[in-house]
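Pasted below: input-v8.txt, compact mmCIF, N, CA and C atoms.
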```txt
# COMPACT_ATOMS: atom_id res chain seq x y z
N GLU A 1 5.46 18.91 3.97
CA GLU A 1 4.04 18.71 4.02
C GLU A 1 3.69 17.29 4.45
N LEU A 2 4.51 16.34 4.02
CA LEU A 2 4.22 14.94 4.34
C LEU A 2 4.23 14.67 5.84
N LEU A 3 5.02 15.43 6.58
CA LEU A 3 5.15 15.17 8.01
C LEU A 3 4.39 16.18 8.87
N ALA A 4 3.57 17.01 8.25
CA ALA A 4 2.76 17.97 9.02
C ALA A 4 1.85 17.20 9.97
N GLY A 5 1.93 17.52 11.25
CA GLY A 5 1.11 16.86 12.25
C GLY A 5 1.59 15.49 12.66
N PHE A 6 2.73 15.07 12.15
CA PHE A 6 3.25 13.73 12.42
C PHE A 6 3.37 13.45 13.92
N ALA A 7 3.98 14.38 14.66
CA ALA A 7 4.23 14.15 16.08
C ALA A 7 2.94 14.00 16.88
N ALA A 8 1.84 14.53 16.38
CA ALA A 8 0.57 14.44 17.10
C ALA A 8 -0.17 13.12 16.85
N LEU A 9 0.28 12.36 15.90
CA LEU A 9 -0.39 11.10 15.58
C LEU A 9 -0.13 10.07 16.67
N PRO A 10 -1.17 9.37 17.12
CA PRO A 10 -0.95 8.30 18.10
C PRO A 10 -0.10 7.19 17.47
N GLY A 11 0.90 6.75 18.21
CA GLY A 11 1.75 5.66 17.73
C GLY A 11 2.75 6.05 16.67
N CYS A 12 3.00 7.35 16.50
CA CYS A 12 3.92 7.78 15.44
C CYS A 12 5.32 7.22 15.65
N GLU A 13 5.66 6.86 16.89
CA GLU A 13 7.00 6.31 17.14
C GLU A 13 7.25 5.00 16.39
N ARG A 14 6.18 4.32 16.02
CA ARG A 14 6.34 3.05 15.28
C ARG A 14 6.87 3.30 13.87
N VAL A 15 6.77 4.53 13.39
CA VAL A 15 7.18 4.85 12.02
C VAL A 15 8.66 5.20 11.94
N ALA A 16 9.27 5.54 13.07
CA ALA A 16 10.67 5.99 13.07
C ALA A 16 11.61 5.00 12.38
N PRO A 17 11.51 3.69 12.65
CA PRO A 17 12.41 2.76 11.92
C PRO A 17 12.21 2.82 10.40
N ALA A 18 10.97 3.00 9.96
CA ALA A 18 10.72 3.08 8.52
C ALA A 18 11.31 4.36 7.93
N LEU A 19 11.27 5.45 8.69
CA LEU A 19 11.87 6.70 8.20
C LEU A 19 13.38 6.54 8.06
N LEU A 20 14.01 5.89 9.01
CA LEU A 20 15.45 5.66 8.90
C LEU A 20 15.76 4.71 7.74
N ALA A 21 14.91 3.71 7.55
CA ALA A 21 15.10 2.78 6.43
C ALA A 21 15.00 3.54 5.09
N LEU A 22 14.12 4.53 5.03
CA LEU A 22 14.01 5.37 3.83
C LEU A 22 15.34 6.08 3.55
N LEU A 23 15.95 6.63 4.60
CA LEU A 23 17.25 7.29 4.43
C LEU A 23 18.31 6.29 3.95
N GLU A 24 18.27 5.09 4.49
CA GLU A 24 19.25 4.07 4.12
C GLU A 24 19.07 3.62 2.67
N ARG A 25 17.82 3.51 2.23
CA ARG A 25 17.56 3.07 0.84
C ARG A 25 17.90 4.14 -0.18
N HIS A 26 17.89 5.40 0.26
CA HIS A 26 18.15 6.51 -0.65
C HIS A 26 19.23 7.41 -0.06
N PRO A 27 20.45 6.88 0.05
CA PRO A 27 21.51 7.63 0.74
C PRO A 27 21.91 8.93 0.05
N GLN A 28 21.63 9.07 -1.23
CA GLN A 28 22.02 10.29 -1.95
C GLN A 28 20.89 11.32 -2.02
N ALA A 29 19.70 10.97 -1.55
CA ALA A 29 18.55 11.88 -1.63
C ALA A 29 18.72 13.05 -0.67
N ASP A 30 18.19 14.18 -1.05
CA ASP A 30 18.22 15.38 -0.21
C ASP A 30 16.89 15.47 0.54
N PHE A 31 16.93 15.11 1.82
CA PHE A 31 15.74 15.17 2.65
C PHE A 31 15.71 16.43 3.50
N GLY A 32 16.64 17.35 3.24
CA GLY A 32 16.71 18.58 4.01
C GLY A 32 17.63 18.41 5.21
N ALA A 33 18.16 19.51 5.65
CA ALA A 33 19.07 19.46 6.79
C ALA A 33 18.86 20.69 7.66
N PRO A 34 18.26 20.61 8.82
CA PRO A 34 17.77 19.36 9.36
C PRO A 34 16.46 18.92 8.73
N GLY A 35 15.59 19.80 8.44
CA GLY A 35 14.36 19.43 7.76
C GLY A 35 13.37 18.70 8.66
N PRO A 36 12.16 18.57 8.18
CA PRO A 36 11.10 17.96 8.98
C PRO A 36 11.35 16.49 9.29
N LEU A 37 12.02 15.79 8.40
CA LEU A 37 12.29 14.37 8.66
C LEU A 37 13.18 14.21 9.88
N VAL A 38 14.23 15.00 9.95
CA VAL A 38 15.14 14.92 11.10
C VAL A 38 14.41 15.33 12.38
N HIS A 39 13.64 16.40 12.31
CA HIS A 39 12.91 16.84 13.50
C HIS A 39 11.92 15.78 13.96
N ALA A 40 11.25 15.13 13.02
CA ALA A 40 10.30 14.07 13.37
C ALA A 40 11.03 12.91 14.05
N LEU A 41 12.19 12.53 13.52
CA LEU A 41 12.95 11.43 14.11
C LEU A 41 13.48 11.80 15.49
N GLU A 42 14.02 13.00 15.62
CA GLU A 42 14.61 13.42 16.89
C GLU A 42 13.57 13.51 18.00
N SER A 43 12.32 13.65 17.67
CA SER A 43 11.28 13.76 18.69
C SER A 43 10.79 12.40 19.18
N GLN A 44 11.28 11.33 18.59
CA GLN A 44 10.79 10.00 18.94
C GLN A 44 11.56 9.38 20.10
N PRO A 45 10.83 8.68 20.98
CA PRO A 45 11.54 7.97 22.05
C PRO A 45 12.45 6.90 21.45
N GLY A 46 13.60 6.74 22.03
CA GLY A 46 14.53 5.73 21.54
C GLY A 46 15.27 6.13 20.28
N TYR A 47 15.13 7.39 19.87
CA TYR A 47 15.76 7.85 18.64
C TYR A 47 17.26 7.56 18.59
N PRO A 48 18.03 7.83 19.65
CA PRO A 48 19.47 7.56 19.55
C PRO A 48 19.79 6.09 19.23
N ASP A 49 19.05 5.17 19.83
CA ASP A 49 19.29 3.75 19.54
C ASP A 49 18.96 3.41 18.09
N LEU A 50 17.87 3.99 17.60
CA LEU A 50 17.49 3.75 16.19
C LEU A 50 18.54 4.33 15.25
N LEU A 51 19.03 5.51 15.57
CA LEU A 51 20.07 6.13 14.74
C LEU A 51 21.34 5.30 14.77
N ALA A 52 21.71 4.80 15.93
CA ALA A 52 22.92 3.96 16.03
C ALA A 52 22.80 2.74 15.12
N GLY A 53 21.64 2.10 15.13
CA GLY A 53 21.43 0.94 14.26
C GLY A 53 21.52 1.29 12.80
N SER A 54 20.97 2.44 12.44
CA SER A 54 21.02 2.88 11.05
C SER A 54 22.46 3.15 10.61
N LEU A 55 23.24 3.78 11.47
CA LEU A 55 24.65 4.03 11.15
C LEU A 55 25.42 2.73 10.96
N GLU A 56 25.06 1.70 11.72
CA GLU A 56 25.73 0.41 11.57
C GLU A 56 25.35 -0.26 10.25
N ARG A 57 24.08 -0.13 9.86
CA ARG A 57 23.61 -0.80 8.65
C ARG A 57 24.07 -0.09 7.37
N GLN A 58 23.79 1.21 7.30
CA GLN A 58 24.04 1.96 6.07
C GLN A 58 24.20 3.44 6.41
N PRO A 59 25.42 3.87 6.72
CA PRO A 59 25.60 5.29 7.01
C PRO A 59 25.29 6.15 5.79
N THR A 60 24.64 7.26 6.03
CA THR A 60 24.34 8.21 4.96
C THR A 60 24.82 9.58 5.41
N GLU A 61 24.81 10.51 4.49
CA GLU A 61 25.21 11.88 4.82
C GLU A 61 24.33 12.42 5.95
N LEU A 62 23.04 12.18 5.83
CA LEU A 62 22.11 12.72 6.82
C LEU A 62 22.23 12.03 8.17
N THR A 63 22.42 10.71 8.19
CA THR A 63 22.53 10.05 9.50
C THR A 63 23.85 10.39 10.18
N ALA A 64 24.92 10.57 9.42
CA ALA A 64 26.18 11.02 10.03
C ALA A 64 26.00 12.43 10.59
N TRP A 65 25.30 13.26 9.85
CA TRP A 65 25.02 14.62 10.29
C TRP A 65 24.18 14.61 11.57
N MET A 66 23.22 13.68 11.63
CA MET A 66 22.37 13.56 12.82
C MET A 66 23.20 13.13 14.03
N ALA A 67 24.16 12.25 13.81
CA ALA A 67 25.06 11.85 14.90
C ALA A 67 25.85 13.05 15.39
N ASN A 68 26.31 13.88 14.47
CA ASN A 68 27.02 15.09 14.85
C ASN A 68 26.13 16.03 15.64
N ARG A 69 24.86 16.11 15.27
CA ARG A 69 23.91 16.92 16.04
C ARG A 69 23.79 16.41 17.47
N LEU A 70 23.76 15.10 17.62
CA LEU A 70 23.73 14.54 18.99
C LEU A 70 24.99 14.94 19.75
N LEU A 71 26.12 14.87 19.08
CA LEU A 71 27.38 15.25 19.73
C LEU A 71 27.42 16.73 20.08
N ASN A 72 26.67 17.55 19.37
CA ASN A 72 26.61 18.97 19.70
C ASN A 72 25.72 19.25 20.91
N SER A 73 24.93 18.27 21.30
CA SER A 73 24.05 18.44 22.45
C SER A 73 24.81 18.08 23.73
N ARG A 74 24.16 18.30 24.84
CA ARG A 74 24.78 17.94 26.12
C ARG A 74 24.58 16.45 26.35
N LEU A 75 25.67 15.74 26.27
CA LEU A 75 25.65 14.29 26.50
C LEU A 75 26.56 13.96 27.67
N PRO A 76 26.18 12.96 28.46
CA PRO A 76 27.14 12.48 29.46
C PRO A 76 28.41 12.00 28.77
N ARG A 77 29.54 12.11 29.46
CA ARG A 77 30.84 11.79 28.87
C ARG A 77 30.88 10.41 28.22
N ASP A 78 30.31 9.39 28.88
CA ASP A 78 30.36 8.04 28.31
C ASP A 78 29.53 7.94 27.03
N GLU A 79 28.38 8.61 26.99
CA GLU A 79 27.57 8.60 25.77
C GLU A 79 28.28 9.35 24.64
N ARG A 80 28.91 10.44 24.99
CA ARG A 80 29.67 11.21 24.00
C ARG A 80 30.76 10.33 23.38
N GLY A 81 31.48 9.60 24.24
CA GLY A 81 32.52 8.70 23.74
C GLY A 81 31.96 7.64 22.81
N THR A 82 30.80 7.11 23.16
CA THR A 82 30.16 6.09 22.32
C THR A 82 29.79 6.66 20.96
N TRP A 83 29.24 7.89 20.93
CA TRP A 83 28.87 8.50 19.65
C TRP A 83 30.09 8.87 18.82
N LEU A 84 31.17 9.26 19.47
CA LEU A 84 32.41 9.53 18.73
C LEU A 84 32.92 8.24 18.09
N LYS A 85 32.82 7.13 18.80
CA LYS A 85 33.24 5.84 18.23
C LYS A 85 32.36 5.46 17.05
N ARG A 86 31.06 5.68 17.19
CA ARG A 86 30.15 5.35 16.09
C ARG A 86 30.48 6.17 14.85
N LEU A 87 30.75 7.44 15.04
CA LEU A 87 31.11 8.29 13.91
C LEU A 87 32.46 7.89 13.32
N THR A 88 33.37 7.44 14.17
CA THR A 88 34.67 6.95 13.68
C THR A 88 34.49 5.72 12.80
N VAL A 89 33.58 4.84 13.17
CA VAL A 89 33.30 3.64 12.37
C VAL A 89 32.80 4.02 10.98
N VAL A 90 32.03 5.09 10.90
CA VAL A 90 31.51 5.54 9.61
C VAL A 90 32.65 5.88 8.64
N THR A 91 33.78 6.37 9.17
CA THR A 91 34.89 6.79 8.31
C THR A 91 35.48 5.63 7.50
N SER A 92 35.22 4.42 7.92
CA SER A 92 35.73 3.26 7.18
C SER A 92 34.65 2.22 6.91
N HIS A 93 33.41 2.58 7.07
CA HIS A 93 32.30 1.64 6.86
C HIS A 93 32.25 1.24 5.40
N PRO A 94 32.18 -0.06 5.10
CA PRO A 94 32.22 -0.51 3.71
C PRO A 94 31.02 -0.05 2.87
N LYS A 95 29.90 0.27 3.49
CA LYS A 95 28.73 0.72 2.74
C LYS A 95 28.62 2.24 2.66
N ALA A 96 29.51 2.94 3.33
CA ALA A 96 29.46 4.40 3.31
C ALA A 96 30.10 4.93 2.03
N ALA A 97 29.40 5.83 1.37
CA ALA A 97 29.96 6.48 0.18
C ALA A 97 31.15 7.34 0.59
N PRO A 98 32.08 7.58 -0.31
CA PRO A 98 33.25 8.41 0.02
C PRO A 98 32.88 9.76 0.63
N GLY A 99 31.84 10.41 0.13
CA GLY A 99 31.42 11.68 0.68
C GLY A 99 30.93 11.57 2.12
N VAL A 100 30.29 10.47 2.44
CA VAL A 100 29.82 10.24 3.80
C VAL A 100 31.01 10.04 4.73
N ARG A 101 31.99 9.27 4.26
CA ARG A 101 33.21 9.08 5.06
C ARG A 101 33.91 10.41 5.31
N ASP A 102 34.01 11.23 4.26
CA ASP A 102 34.64 12.55 4.40
C ASP A 102 33.88 13.43 5.39
N SER A 103 32.56 13.38 5.31
CA SER A 103 31.76 14.17 6.26
C SER A 103 31.98 13.70 7.69
N ALA A 104 32.05 12.39 7.89
CA ALA A 104 32.28 11.87 9.23
C ALA A 104 33.63 12.35 9.77
N ILE A 105 34.63 12.40 8.91
CA ILE A 105 35.95 12.90 9.31
C ILE A 105 35.86 14.37 9.70
N ARG A 106 35.15 15.17 8.88
CA ARG A 106 34.97 16.59 9.21
C ARG A 106 34.23 16.77 10.53
N PHE A 107 33.20 15.96 10.76
CA PHE A 107 32.45 16.05 12.01
C PHE A 107 33.35 15.69 13.20
N LEU A 108 34.16 14.67 13.04
CA LEU A 108 35.08 14.27 14.12
C LEU A 108 36.11 15.37 14.39
N ASP A 109 36.62 15.97 13.32
CA ASP A 109 37.56 17.09 13.49
C ASP A 109 36.89 18.25 14.23
N PHE A 110 35.65 18.53 13.85
CA PHE A 110 34.91 19.61 14.51
C PHE A 110 34.72 19.29 16.00
N GLN A 111 34.35 18.05 16.30
CA GLN A 111 34.14 17.67 17.70
C GLN A 111 35.45 17.75 18.49
N ALA A 112 36.54 17.37 17.86
CA ALA A 112 37.86 17.47 18.53
C ALA A 112 38.20 18.93 18.82
N SER A 113 37.88 19.82 17.88
CA SER A 113 38.16 21.23 18.09
C SER A 113 37.29 21.80 19.21
N ARG A 114 36.09 21.31 19.34
CA ARG A 114 35.20 21.75 20.42
C ARG A 114 35.75 21.35 21.78
N GLN A 115 36.29 20.15 21.84
CA GLN A 115 36.83 19.66 23.10
C GLN A 115 38.11 20.40 23.48
N ALA A 116 38.87 20.81 22.46
CA ALA A 116 40.13 21.49 22.71
C ALA A 116 39.92 22.90 23.26
N SER A 117 38.77 23.49 22.94
CA SER A 117 38.56 24.88 23.40
C SER A 117 37.84 24.97 24.72
```
Translate the structure described by the file into structure tokens.
Amino acid sequence: ELLAGFAALPGCERVAPALLALLERHPQADFGAPGPLVHALESQPGYPDLLAGSLERQPTELTAWMANRLLNSRLPRDERGTWLKRLTVVTSHPKAAPGVRDSAIRFLDFQASRQAS
């Protein structure tokens, strides 16, 4: 309900960094998957760059999952490689909770299996 009509608001893209900061401040919170928060973020211009910065600062279960969603989309080979590297960094990020690291490993395994087939 909080994000109903969000995309129609003028200047809503200015809120995207604050939404990611919310995820970073509450890494254990359940914001839904994908849920309206993810859909609102994914619709914003520059979303991949904002997500990359969030993963560098404070990886969370949801932001790692969002990176995996990007990897599931059609990406140019070089961008795909960059996102795989970002997800690899999450596996040993000092601020990532053990569950987040484990999820990043599962996502990387899944992406490797996709490439193999």
> Do you know which residues lie at most 7 Å from (21.7, 10.1, 0.1), with coordinates as in the file and only N, CA and C atoms counted, and could you write them as a PyMOL selection string?
Replying inline: chain A and resi 23+26-30+60-62
> Do you know which residues are at most 6.5 Å from range 40-46 of chain A counting all atoms listed in the file, after dropping those on the same chain fewer than 3 positions away, and could you put them as a VMD selection string?
Replying inline: chain A and resid 7 13 16 35 to 37 49 to 51
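For the atom pair formed by atom N of Arg14 in chain A and atom N of Ser54 in chain A, the distance is 15.3 Å, given to one decimal.
Using all atoms listed in the file, the smallest distance between any of A:Phe31, A:Lys85, A:Val38, A:Ser92 and Met66 in chain A comes from A:Val38.
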>> Going by DSSP on the backbone, which residues of range 3-101 of chain A come out as alpha helix (DSSP H)? List them as a ChimeraX atom specification.
In response: /A:16-25,35-42,47-57,61-72,77-90,98-101
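The gap separating atom N of Ala116 in chain A from atom N of Tyr47 in chain A is 27.4 Å, in Å to one decimal.
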>> I need the residue nearest Pro59 in chain A from this list: A:Leu84, A:Leu22, A:Leu71, A:Val100. Use only N, CA and C atoms for the distance.
In response: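 Residue with the minimum atom-to-atom distance to Pro59 in chain A: A:Val100.
CA of Thr82 in chain A is found 16.6 Å from CA of Arg114 in chain A.
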> Quick one: of A:Pro10, A:His39, A:Gln58, A:Ser113, who's nearest to Arg25 in chain A, counting only C-alpha atoms?
Replying inline: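 The answer is A:Gln58, which sits nearest to Arg25 in chain A.
Distance check against Ser103 in chain A using only N, CA and C atoms: of A:Ala18, A:Ala64, A:Ala52, A:Leu75, the minimum falls on A:Ala64.
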> For Leu108 in chain A, which of A:Asn68, A:Leu20, A:Gly81, A:Pro76 is the closest residue, counting all atoms listed in the file?
Replying inline: A:Asn68
>> My list of candidates is A:Leu70, A:Glu24, A:Ser117, A:Gly11. Which is closest to Ala97 in chain A when distances are computed with only C-alpha atoms?
In response: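 Closest to Ala97 in chain A, using only C-alpha atoms: A:Glu24.
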Report, as AutoDock Vina command-line options, the centre and edge lengths in Å (one decimal) of the axis-aligned box enclosing every listed atom of range 103-112 of chain A, padded by 6 Å on each side.
```
--center_x 35.0 --center_y 15.7 --center_z 12.1 --size_x 18.4 --size_y 19.7 --size_z 25.5
```
For range 27-38 of chain A, which lacks atoms in the input, supply all heavy atoms and format the output as a CSV table (one decimal), in the frame of the given file.
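Final output, rebuild_11.csv:
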```csv
chain,number,residue,atom,x,y,z
A,27,PRO,N,20.4,6.9,0.0
A,27,PRO,CA,21.5,7.6,0.7
A,27,PRO,C,21.9,8.9,0.0
A,27,PRO,O,22.5,9.8,0.7
A,27,PRO,CB,22.7,6.6,0.8
A,27,PRO,CG,22.4,5.7,-0.3
A,27,PRO,CD,20.9,5.6,-0.4
A,28,GLN,N,21.6,9.1,-1.2
A,28,GLN,CA,22.0,10.3,-2.0
A,28,GLN,C,20.9,11.3,-2.0
A,28,GLN,O,21.1,12.4,-2.5
A,28,GLN,CB,22.5,9.9,-3.4
A,28,GLN,CG,23.6,9.0,-3.4
A,28,GLN,CD,24.9,9.5,-2.7
A,28,GLN,OE1,25.2,10.6,-2.8
A,28,GLN,NE2,25.5,8.6,-1.9
A,29,ALA,N,19.7,11.0,-1.6
A,29,ALA,CA,18.6,11.9,-1.6
A,29,ALA,C,18.7,13.0,-0.7
A,29,ALA,O,19.3,12.9,0.4
A,29,ALA,CB,17.3,11.1,-1.3
A,30,ASP,N,18.2,14.2,-1.0
A,30,ASP,CA,18.2,15.4,-0.2
A,30,ASP,C,16.9,15.5,0.5
A,30,ASP,O,15.9,15.8,0.0
A,30,ASP,CB,18.5,16.6,-1.1
A,30,ASP,CG,18.5,17.9,-0.2
A,30,ASP,OD1,18.4,17.8,1.0
A,30,ASP,OD2,18.7,19.0,-0.9
A,31,PHE,N,16.9,15.1,1.8
A,31,PHE,CA,15.7,15.2,2.6
A,31,PHE,C,15.7,16.4,3.5
A,31,PHE,O,14.9,16.6,4.4
A,31,PHE,CB,15.7,13.9,3.6
A,31,PHE,CG,15.4,12.7,2.8
A,31,PHE,CD1,16.4,11.8,2.6
A,31,PHE,CD2,14.1,12.4,2.3
A,31,PHE,CE1,16.2,10.6,1.9
A,31,PHE,CE2,13.9,11.2,1.6
A,31,PHE,CZ,14.9,10.3,1.4
A,32,GLY,N,16.6,17.4,3.2
A,32,GLY,CA,16.7,18.6,4.0
A,32,GLY,C,17.6,18.4,5.2
A,32,GLY,O,17.9,17.3,5.7
A,33,ALA,N,18.2,19.5,5.6
A,33,ALA,CA,19.1,19.5,6.8
A,33,ALA,C,18.9,20.7,7.7
A,33,ALA,O,19.2,21.8,7.2
A,33,ALA,CB,20.5,19.4,6.3
A,34,PRO,N,18.3,20.6,8.8
A,34,PRO,CA,17.8,19.4,9.4
A,34,PRO,C,16.5,18.9,8.7
A,34,PRO,O,16.2,17.7,8.5
A,34,PRO,CB,17.6,19.6,10.8
A,34,PRO,CG,17.4,21.1,11.0
A,34,PRO,CD,18.1,21.7,9.8
A,35,GLY,N,15.6,19.8,8.4
A,35,GLY,CA,14.4,19.4,7.8
A,35,GLY,C,13.4,18.7,8.7
A,35,GLY,O,13.7,18.3,9.8
A,36,PRO,N,12.2,18.6,8.2
A,36,PRO,CA,11.1,18.0,9.0
A,36,PRO,C,11.4,16.5,9.3
A,36,PRO,O,10.9,16.0,10.3
A,36,PRO,CB,9.8,18.1,8.1
A,36,PRO,CG,10.3,18.7,6.8
A,36,PRO,CD,11.7,19.1,6.9
A,37,LEU,N,12.0,15.8,8.4
A,37,LEU,CA,12.3,14.4,8.7
A,37,LEU,C,13.2,14.2,9.9
A,37,LEU,O,12.9,13.4,10.8
A,37,LEU,CB,12.9,13.7,7.4
A,37,LEU,CG,13.2,12.2,7.5
A,37,LEU,CD1,11.9,11.5,7.6
A,37,LEU,CD2,13.9,11.8,6.2
A,38,VAL,N,14.2,15.0,10.0
A,38,VAL,CA,15.1,14.9,11.1
A,38,VAL,C,14.4,15.3,12.4
A,38,VAL,O,14.5,14.7,13.4
A,38,VAL,CB,16.4,15.8,10.9
A,38,VAL,CG1,17.2,15.9,12.1
A,38,VAL,CG2,17.2,15.2,9.7
```
